[in-house]
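Chemist: The following block contains the structure, expressed as structure tokens.
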Amino acid sequence: MLWIIMTFLLINAGIFIFSYLRTKDINLKTSDGYFLGGRSLTALYIGSSLLLTNLSTERMVGLNGQSYSGTMSAMAWEVTAPLALIMLAFVFLPRYLSSGVTTIPDFLEKRYDRRTRQIVSILLLLGYATSFLPTVLYSGALVLDQVFNISSALGINTFATVFLISLVIGAASCCYIFFGGLKAAASADAIYGVGLILGGLFIFVLGIMAIGDGSLLNGYTELTSVHKEKLNAITADNAAEVPWPTIFTGLLVNNLFYWAVNQSIVQRALGAKNLAEGQKGALLAGVFKTIGVFYLVLPGVIAYHLYGGHIQNADTVYPKLIVDLLPTALIGVFAAILFGAILSSFNGSLNSTITLFTLDLYKPLFKPEAKEEELVKTGRIFVVILAAVSIIIAPFILFAPSGLYNYLQEMFGFFNVPVLAAVVVGFFTKKVPALAVKWTIFAHIVLYTLSKIYFGHIHFLYILAVLFPFSVLLMLFIGKLKPRPSEFKLEKNAKVDLRPWKHAKLASVLVICLIACIYLLFSPWGLAK
């Protein structure tokens, strides 16, 4: 255990020092430097940071838990994400960068009005502060507790353990954000990203060998010949983790919001050195996501072969695999990588949240004349407050209902559709007014709430598939009834080179082919036949 702790501490300390040194060429006294890494991020940093901001323990634990208790249909959360990343590269990012915006609500102000920007910023802040940030801490604390057996060693209950570990994670995250801003977080992500993929794939290989009593071939034969129904990712069953008809409807809407409009994700791409690097980074993340099925979903099926269906809490499956399969000498290394995944998700959301607060609320509402240094100082103060609130809330998630991963996705459904609709309509129309956005947000929240009450038995992705076109049509209808007095024209204020990557289209076609191959593999025409 001492070796595990020592390797865990040394790896994380080394990566923090490296990340801090990487910020020496960035002016952290400006908002661009602090919040967007000086707009200097290259493809590897962007791709890794996109991946790690998305990948944290709630996803690693949650998706493997879903495949353990269900089927490979859970892989849709990973494998279909590249479709949204392609849209980010070709549709959203060029428009964001050409306008020189720092946040998505910043774009909404340019397109509609300041009140729209503030309403959306408040919605995003509430979503991150009350749901996502505490959940990242909570799920991360559960994993680290199982790896290091902290609750037993200290003789404390789970509630106190979650609080203690959340405090450590929150403090470490504040160090990254407080001293290094986005560039430090993104630099750490590049290292943790490689480690996460290699470590996750290693557990996948060890799991197959464990099924086959030390033989990869026997393990593969066992995996593909017994319980083959669990390898099927194509099912329309409403009880499935992701029914396949939602892939190009509700799930696509959900993914487009997350990957192309969600501030904590898009902020990585907004910090790109130029459009070409941003596109390469987005498509690189798309490749990472298709590979993710092998270390984020398939280990859950492997766990079913190893442990049967006897584990009641599916969220404990992945930590159990780590402890049971990895050699003792490597447990500390992979625990450090997992800690990095937790930290990255927390860093990404924390950084985007303080950006929203500082630039979208604090400056326009309280200090319009605030200087750059004052904005950075305010961001640093707010990051401590927000982290403290998240740490306090995290242990209480113990009392939340089961199915936390889907619960989080459903909670974001309260505001993701109208925000995505506002951005899309804003791109492609010139006469739709700000009033349309405000009415659409109100109508969506009411209708989505009613769907939870009266149609709770229907998968929420089907609901989103209906509400998104409804939101777009409602905005267009209001635009016809009461159009803007003058046509909107987005002013060009590009701060980086907007020349696209010359191989972007070819890379996108290859990524789509990879998605099709993965789905064919895990289908009744592939391993599940």
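Ordering of the structure tokens sets the chain letters (A, B, ...); residue numbers start at 1 within each chain; ligands are numbered from 1 in the order shown.
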Write down as number ranges by chain the residues belonging to segment 76-321 of chain A that are assigned alpha helix (DSSP H) by DSSP computed on the backbone.
Modeler: A: 76-79, 81-87, 93-99, 104-111, 114-127, 133-148, 150-154, 158-211, 216-225, 250-256, 263-270, 275-291, 293-296, 298-307, 317-321
Chemist: Taking 6 positions as the minimum chain separation for residues in the same chain, which residues sit within 6 Å of segment 312-319 of chain A when counting only C-alpha atoms? Answer as a ChimeraX atom specification.
Modeler: /A:61,65,143
Chemist: Compare A:Val496, A:Leu217, A:Ile203, A:Leu137 by their minimum atom-to-atom distance to Leu398 of chain A, counting only C-alpha atoms, and give me the closest one.
Modeler: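 Closest candidate: A:Leu137.
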Chemist: Identify, on the basis of only C-alpha atoms, every residue whose closest approach to segment 114-127 of chain A does not exceed 9 Å; exclude the query and any residue fewer than 5 positions from it along the same chain; express the result as a tab-separated table (two decimals) with C-alpha atoms, in the first residue's frame.
Modeler:
chain	number	residue	atom	x	y	z
A	104	ILE	CA	-21.14	30.83	-25.83
A	105	PRO	CA	-23.40	33.32	-24.03
A	106	ASP	CA	-21.09	36.01	-25.43
A	107	PHE	CA	-22.14	34.88	-28.91
A	108	LEU	CA	-25.81	34.86	-27.85
A	109	GLU	CA	-25.50	38.51	-26.76
A	132	PHE	CA	-22.27	18.25	-12.46
A	133	LEU	CA	-19.43	19.52	-10.23
A	262	ASN	CA	-21.51	23.34	-23.66
A	263	GLN	CA	-19.06	25.94	-22.36
A	353	THR	CA	-18.11	28.22	-14.84
A	354	ILE	CA	-15.87	30.97	-13.50
A	356	LEU	CA	-19.26	32.49	-17.39
A	357	PHE	CA	-19.57	34.22	-14.03
A	360	ASP	CA	-21.00	37.21	-18.55
A	361	LEU	CA	-22.33	38.33	-15.15
A	364	PRO	CA	-21.50	43.57	-17.37
A	411	MET	CA	-31.13	17.01	-15.60
A	412	PHE	CA	-29.22	18.73	-18.39
A	415	PHE	CA	-32.00	23.53	-20.61
A	416	ASN	CA	-29.78	21.94	-23.29
A	419	VAL	CA	-29.76	26.76	-25.72
A	434	ALA	CA	-34.32	37.78	-28.60
A	435	LEU	CA	-37.93	37.40	-27.47
A	437	VAL	CA	-35.22	32.63	-27.23
A	438	LYS	CA	-36.79	33.68	-23.93
Chemist: Applying 10 Å and only C-alpha atoms, which residues near Leu514 of chain A remain after dropping the ones on its own chain fewer than 2 positions away? List them as a ChimeraX atom specification.
Modeler: /A:79,82,286-287,290-291,508-512,516-520
Chemist: Selection from above, N, CA and C atoms, as a compact mmCIF listing (two decimals), in the first residue's frame, can you write it?
Modeler:
# COMPACT_ATOMS: atom_id res chain seq x y z
N VAL A 79 -19.56 6.25 -28.79
CA VAL A 79 -19.27 6.02 -30.21
C VAL A 79 -19.94 7.04 -31.12
N PRO A 82 -18.46 11.43 -31.91
CA PRO A 82 -17.72 12.04 -33.02
C PRO A 82 -18.60 12.75 -34.05
N GLY A 286 -12.58 12.88 -31.56
CA GLY A 286 -13.55 11.94 -32.14
C GLY A 286 -12.97 10.55 -32.28
N VAL A 287 -11.71 10.45 -32.69
CA VAL A 287 -11.05 9.14 -32.79
C VAL A 287 -10.92 8.52 -31.41
N THR A 290 -14.22 6.85 -30.24
CA THR A 290 -14.58 5.53 -30.78
C THR A 290 -13.75 4.44 -30.12
N ILE A 291 -12.50 4.73 -29.81
CA ILE A 291 -11.66 3.74 -29.12
C ILE A 291 -12.17 3.51 -27.70
N SER A 508 -12.80 13.40 -41.41
CA SER A 508 -14.18 13.21 -40.95
C SER A 508 -14.80 11.96 -41.55
N VAL A 509 -14.54 11.72 -42.82
CA VAL A 509 -15.06 10.51 -43.49
C VAL A 509 -14.48 9.26 -42.82
N LEU A 510 -13.21 9.29 -42.50
CA LEU A 510 -12.57 8.15 -41.85
C LEU A 510 -13.15 7.90 -40.46
N VAL A 511 -13.46 8.99 -39.73
CA VAL A 511 -14.05 8.85 -38.40
C VAL A 511 -15.45 8.24 -38.50
N ILE A 512 -16.24 8.67 -39.50
CA ILE A 512 -17.58 8.11 -39.69
C ILE A 512 -17.49 6.63 -40.05
N ALA A 516 -19.12 3.35 -37.99
CA ALA A 516 -19.92 2.28 -38.62
C ALA A 516 -19.31 0.91 -38.33
N CYS A 517 -18.00 0.81 -38.38
CA CYS A 517 -17.33 -0.47 -38.12
C CYS A 517 -17.53 -0.93 -36.68
N ILE A 518 -17.46 0.03 -35.74
CA ILE A 518 -17.67 -0.32 -34.33
C ILE A 518 -19.08 -0.83 -34.11
N TYR A 519 -20.07 -0.17 -34.73
CA TYR A 519 -21.46 -0.61 -34.57
C TYR A 519 -21.70 -1.96 -35.25
N LEU A 520 -21.07 -2.18 -36.38
CA LEU A 520 -21.20 -3.47 -37.05
C LEU A 520 -20.60 -4.58 -36.20
Chemist: Check the smallest atom-to-atom distance from each of A:Leu420, A:Ile165, A:Leu375, A:Ile331 to Thr440 of chain A using only C-alpha atoms, then report the winner.
Modeler: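 Looking at the shortest contact to Thr440 of chain A, the residue is A:Leu420.
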Chemist: Using only C-alpha atoms, which protein or nucleic acid residues come within 12 Å of Gly219 of chain A? Drop anything in the same chain fewer than 2 positions from it, and give the result as a list in words.
Modeler: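 Close residues of Gly219 of chain A: Phe204, Val205, Leu206, Gly207, Ile208, Met209, Ala210, Ile211, Gly212, Asp213, Gly214, Ser215, Leu216, Leu217, Thr221, Glu222, Leu223, Thr224, Ser225, Val226, Ile302, His305 and Leu306 of chain A.
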Chemist: Include C-alpha atoms and write out the residues we just selected as a tab-separated table (two decimals), in the first residue's frame.
Modeler:
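So the final result, stored in again-v5.tsv, reads:
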chain	number	residue	atom	x	y	z
A	204	PHE	CA	-9.34	-4.53	-20.99
A	205	VAL	CA	-6.56	-6.93	-22.03
A	206	LEU	CA	-6.05	-8.21	-18.47
A	207	GLY	CA	-9.81	-8.76	-18.20
A	208	ILE	CA	-9.91	-10.93	-21.33
A	209	MET	CA	-6.92	-12.91	-20.02
A	210	ALA	CA	-8.70	-13.37	-16.68
A	211	ILE	CA	-11.77	-14.78	-18.45
A	212	GLY	CA	-9.51	-17.21	-20.36
A	213	ASP	CA	-7.46	-18.27	-17.30
A	214	GLY	CA	-4.39	-16.45	-18.57
A	215	SER	CA	-4.97	-16.96	-22.31
A	216	LEU	CA	-6.05	-14.10	-24.58
A	217	LEU	CA	-7.41	-16.52	-27.18
A	221	THR	CA	-13.58	-17.19	-27.27
A	222	GLU	CA	-15.37	-17.10	-23.91
A	223	LEU	CA	-16.34	-13.45	-24.31
A	224	THR	CA	-17.81	-13.92	-27.79
A	225	SER	CA	-19.51	-17.28	-27.27
A	226	VAL	CA	-21.12	-16.95	-23.81
A	302	ILE	CA	-16.00	-8.68	-18.99
A	305	HIS	CA	-18.23	-12.95	-17.09
A	306	LEU	CA	-15.91	-12.74	-14.08
Chemist: Might you pull out every residue within 9 Å of Phe414 of chain A, with only C-alpha atoms counted and same-chain residues fewer than 5 positions away left off, and present them as a compact mmCIF listing (two decimals) with C-alpha atoms, in the first residue's frame?
Modeler:
# COMPACT_ATOMS: atom_id res chain seq x y z
CA HIS A 444 -39.19 23.94 -23.07
CA ILE A 445 -38.74 23.88 -19.30
CA VAL A 446 -42.52 23.61 -18.81
CA TYR A 448 -39.92 18.88 -20.29
CA THR A 449 -41.16 19.02 -16.70
Chemist: Give the answer as one residue: which of A:Ser73, A:Ser152, A:Asn254, A:Asn218 has the shortest atom-to-atom distance to Leu408 of chain A, using only C-alpha atoms?
Modeler: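 Checking each candidate against Leu408 of chain A, we get A:Asn254 as the closest.
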